[in-house]
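A.B. asks: Before I ask anything, here is the structure I am working with.
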Amino acid sequence: MENSHRFFENRECKYFPCHKGLEDFNCLFCYCPLYHQENCPGKPKFVEKEGQTVKVCTDCMFPHQPENYDKIVQTLKNREVK
């Protein structure tokens with residue numbers, strides 16, 4: 001895919017790819033904007049650590065899949081309205 005406002009792949013990043021298994025890897029949402037969403041559309045895991053529940057997104061590739069750009073933007077728009 002070509003880099004644009006919807007997709008950015010940074011092969012020069014020392015962490016690239018931070019997840020394995022995607023052909024077109026979108027780095028645009030490197031730090032997931034959905035991390036603080038209670039009902040995020042990704043596949044996070046929740047673990048107990050020092051008496052607190054922590055959201056762990058290590059195995060989630062949702063924000064890195066190019067086809068999820070519109071879903072992420074819509075989720076963020078819905079969050080702003082509430």
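Labeling convention for the structure tokens: chains A, B, ... as they appear, residues from 1 per chain, ligands from 1 in order of appearance.
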Considering only C-alpha atoms, return as a PDB file with N, CA, C and O atoms, in the first residue's frame whatever protein or nucleic-acid residues lie within 12 Å of A:His36, sequence-local ones (same chain, fewer than 5 positions apart) excluded.
C.D. replies:
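Writing done, so here's part_17.pdb:
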ATOM      1  N   TYR A  31       0.747   3.899  18.576  1.00  0.00           N
ATOM      2  CA  TYR A  31       0.208   3.949  19.932  1.00  0.00           C
ATOM      3  C   TYR A  31      -1.296   4.002  19.784  1.00  0.00           C
ATOM      4  O   TYR A  31      -1.853   4.999  19.350  1.00  0.00           O
ATOM      5  N   PRO A  41     -12.752  -2.323  19.968  1.00  0.00           N
ATOM      6  CA  PRO A  41     -13.065  -3.386  19.010  1.00  0.00           C
ATOM      7  C   PRO A  41     -11.928  -4.371  18.772  1.00  0.00           C
ATOM      8  O   PRO A  41     -12.088  -5.337  18.047  1.00  0.00           O
ATOM      9  N   GLY A  42     -10.794  -4.149  19.397  1.00  0.00           N
ATOM     10  CA  GLY A  42      -9.662  -5.069  19.253  1.00  0.00           C
ATOM     11  C   GLY A  42      -9.834  -6.288  20.134  1.00  0.00           C
ATOM     12  O   GLY A  42     -10.911  -6.578  20.647  1.00  0.00           O
ATOM     13  N   PRO A  44      -7.991  -7.176  23.212  1.00  0.00           N
ATOM     14  CA  PRO A  44      -7.055  -7.068  24.338  1.00  0.00           C
ATOM     15  C   PRO A  44      -7.271  -8.186  25.354  1.00  0.00           C
ATOM     16  O   PRO A  44      -8.314  -8.840  25.368  1.00  0.00           O
ATOM     17  N   VAL A  54      -5.055  -4.640  34.352  1.00  0.00           N
ATOM     18  CA  VAL A  54      -4.280  -3.941  33.322  1.00  0.00           C
ATOM     19  C   VAL A  54      -4.675  -4.489  31.955  1.00  0.00           C
ATOM     20  O   VAL A  54      -4.768  -5.701  31.759  1.00  0.00           O
ATOM     21  N   LYS A  55      -4.902  -3.589  31.019  1.00  0.00           N
ATOM     22  CA  LYS A  55      -5.236  -3.964  29.642  1.00  0.00           C
ATOM     23  C   LYS A  55      -3.929  -4.248  28.898  1.00  0.00           C
ATOM     24  O   LYS A  55      -3.031  -3.408  28.856  1.00  0.00           O
ATOM     25  N   VAL A  56      -3.829  -5.424  28.297  1.00  0.00           N
ATOM     26  CA  VAL A  56      -2.620  -5.832  27.586  1.00  0.00           C
ATOM     27  C   VAL A  56      -2.979  -6.047  26.111  1.00  0.00           C
ATOM     28  O   VAL A  56      -3.784  -6.904  25.777  1.00  0.00           O
ATOM     29  N   CYS A  57      -2.368  -5.271  25.245  1.00  0.00           N
ATOM     30  CA  CYS A  57      -2.715  -5.296  23.825  1.00  0.00           C
ATOM     31  C   CYS A  57      -1.611  -5.905  22.964  1.00  0.00           C
ATOM     32  O   CYS A  57      -1.600  -5.728  21.740  1.00  0.00           O
ATOM     33  N   THR A  75     -15.091   5.052  15.997  1.00  0.00           N
ATOM     34  CA  THR A  75     -15.095   4.801  17.436  1.00  0.00           C
ATOM     35  C   THR A  75     -14.658   6.055  18.200  1.00  0.00           C
ATOM     36  O   THR A  75     -15.255   6.415  19.220  1.00  0.00           O
ATOM     37  N   LEU A  76     -13.644   6.741  17.696  1.00  0.00           N
ATOM     38  CA  LEU A  76     -13.178   7.965  18.342  1.00  0.00           C
ATOM     39  C   LEU A  76     -14.219   9.079  18.233  1.00  0.00           C
ATOM     40  O   LEU A  76     -14.427   9.835  19.188  1.00  0.00           O
ATOM     41  N   ARG A  79     -16.950   8.488  20.736  1.00  0.00           N
ATOM     42  CA  ARG A  79     -16.456   8.773  22.090  1.00  0.00           C
ATOM     43  C   ARG A  79     -16.556  10.258  22.388  1.00  0.00           C
ATOM     44  O   ARG A  79     -16.894  10.656  23.478  1.00  0.00           O
TER      45      ARG A  79
END
A.B. asks: Under the rule of at most 10 Å, produce a per-residue listing of stretch 41-74 of chain A near stretch 4-21 of chain A: chain, number, name, the closest pair of atoms, and the distance in Å, as JSON lines, using only C-alpha atoms.
C.D. replies:
{"residue": "A:Thr58", "atom": "CA", "partner": "A:His19", "partner_atom": "CA", "distance": 8.1}
{"residue": "A:Asp59", "atom": "CA", "partner": "A:His19", "partner_atom": "CA", "distance": 7.4}
{"residue": "A:Cys60", "atom": "CA", "partner": "A:His19", "partner_atom": "CA", "distance": 8.3}
{"residue": "A:Met61", "atom": "CA", "partner": "A:His19", "partner_atom": "CA", "distance": 7.0}
{"residue": "A:His64", "atom": "CA", "partner": "A:His19", "partner_atom": "CA", "distance": 8.7}
{"residue": "A:Gln65", "atom": "CA", "partner": "A:Phe7", "partner_atom": "CA", "distance": 9.3}
{"residue": "A:Pro66", "atom": "CA", "partner": "A:Phe7", "partner_atom": "CA", "distance": 6.4}
{"residue": "A:Glu67", "atom": "CA", "partner": "A:Arg6", "partner_atom": "CA", "distance": 9.4}
{"residue": "A:Asn68", "atom": "CA", "partner": "A:Arg6", "partner_atom": "CA", "distance": 9.7}
{"residue": "A:Tyr69", "atom": "CA", "partner": "A:Arg6", "partner_atom": "CA", "distance": 6.5}
{"residue": "A:Asp70", "atom": "CA", "partner": "A:Arg6", "partner_atom": "CA", "distance": 8.7}
A.B. asks: Those residues you just picked out, can you put them in a file as a compact mmCIF listing (two decimals), in the first residue's frame with N, CA, C and O atoms?
C.D. replies:
# COMPACT_ATOMS: atom_id res chain seq x y z
N THR A 58 -0.70 -6.61 23.57
CA THR A 58 0.46 -7.16 22.88
C THR A 58 0.08 -7.99 21.66
O THR A 58 0.74 -7.90 20.63
N ASP A 59 -0.96 -8.79 21.75
CA ASP A 59 -1.34 -9.67 20.65
C ASP A 59 -2.43 -9.08 19.74
O ASP A 59 -2.92 -9.75 18.85
N CYS A 60 -2.81 -7.83 19.97
CA CYS A 60 -3.87 -7.20 19.19
C CYS A 60 -3.28 -6.50 17.96
O CYS A 60 -2.40 -5.66 18.07
N MET A 61 -3.79 -6.85 16.80
CA MET A 61 -3.32 -6.22 15.57
C MET A 61 -4.37 -5.31 14.94
O MET A 61 -4.18 -4.77 13.86
N HIS A 64 -3.42 -1.99 13.41
CA HIS A 64 -2.41 -2.11 12.37
C HIS A 64 -2.95 -2.68 11.07
O HIS A 64 -2.21 -2.78 10.08
N GLN A 65 -4.21 -3.07 11.06
CA GLN A 65 -4.82 -3.60 9.84
C GLN A 65 -5.43 -2.43 9.07
O GLN A 65 -6.31 -1.73 9.58
N PRO A 66 -4.96 -2.16 7.85
CA PRO A 66 -5.41 -1.00 7.09
C PRO A 66 -6.93 -0.89 6.96
O PRO A 66 -7.47 0.21 6.97
N GLU A 67 -7.61 -2.01 6.88
CA GLU A 67 -9.07 -1.97 6.68
C GLU A 67 -9.82 -1.47 7.92
O GLU A 67 -11.01 -1.19 7.86
N ASN A 68 -9.13 -1.30 9.05
CA ASN A 68 -9.80 -0.85 10.27
C ASN A 68 -9.71 0.65 10.51
O ASN A 68 -10.21 1.15 11.52
N TYR A 69 -9.11 1.39 9.60
CA TYR A 69 -8.98 2.84 9.75
C TYR A 69 -10.34 3.50 10.03
O TYR A 69 -10.49 4.25 10.99
N ASP A 70 -11.34 3.22 9.19
CA ASP A 70 -12.65 3.85 9.36
C ASP A 70 -13.31 3.45 10.69
O ASP A 70 -13.97 4.27 11.33
A.B. asks: Write out as a list in words all residues of chain A that DSSP puts in alpha helix (DSSP H) for this structure's backbone.
C.D. replies: Tyr69, Asp70, Lys71, Ile72, Val73, Gln74, Thr75, Leu76, Lys77, Asn78, Arg79, Glu80 and Val81 of chain A
A.B. asks: So which one's closest to A:Asn26, A:Asn78, A:Asn3, A:Lys49, A:Val73? Using only C-alpha atoms, please.
C.D. replies: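 Among the listed residues, A:Asn3 lies closest to A:Asn26.
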A.B. asks: Work out how far atom CA of A:Phe62 is from atom CA of A:Cys27, in Å to one decimal.
C.D. replies: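 So the two atoms, atom CA of A:Cys27 and atom CA of A:Phe62, lie 11.3 Å apart.
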A.B. asks: I'd like the interatomic distance between atom CA of A:Cys30 and atom CA of A:Glu2, to a tenth of an Å.
C.D. replies: 17.1 Å
A.B. asks: List every residue of chain A that DSSP, applied to the backbone of this structure, places in strand (DSSP E or B), and write the result as a list in words.
C.D. replies: Lys45, Phe46, Val47, Glu48, Lys49, Gln52, Thr53, Val54, Lys55 and Val56 of chain A
A.B. asks: Nearest to A:Met1 among A:Phe25, A:Asn39, A:Pro63, A:Pro33, with distances taken over only C-alpha atoms: which residue is it?
C.D. replies: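 Of A:Phe25, A:Asn39, A:Pro63, A:Pro33, the one nearest A:Met1 is A:Phe25, counting only C-alpha atoms.
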A.B. asks: Report, in Å with one decimal, the straight-line distance from atom CA of A:Gln74 to atom CA of A:Cys32.
C.D. replies: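 Between these atoms lies a distance of 14.1 Å.
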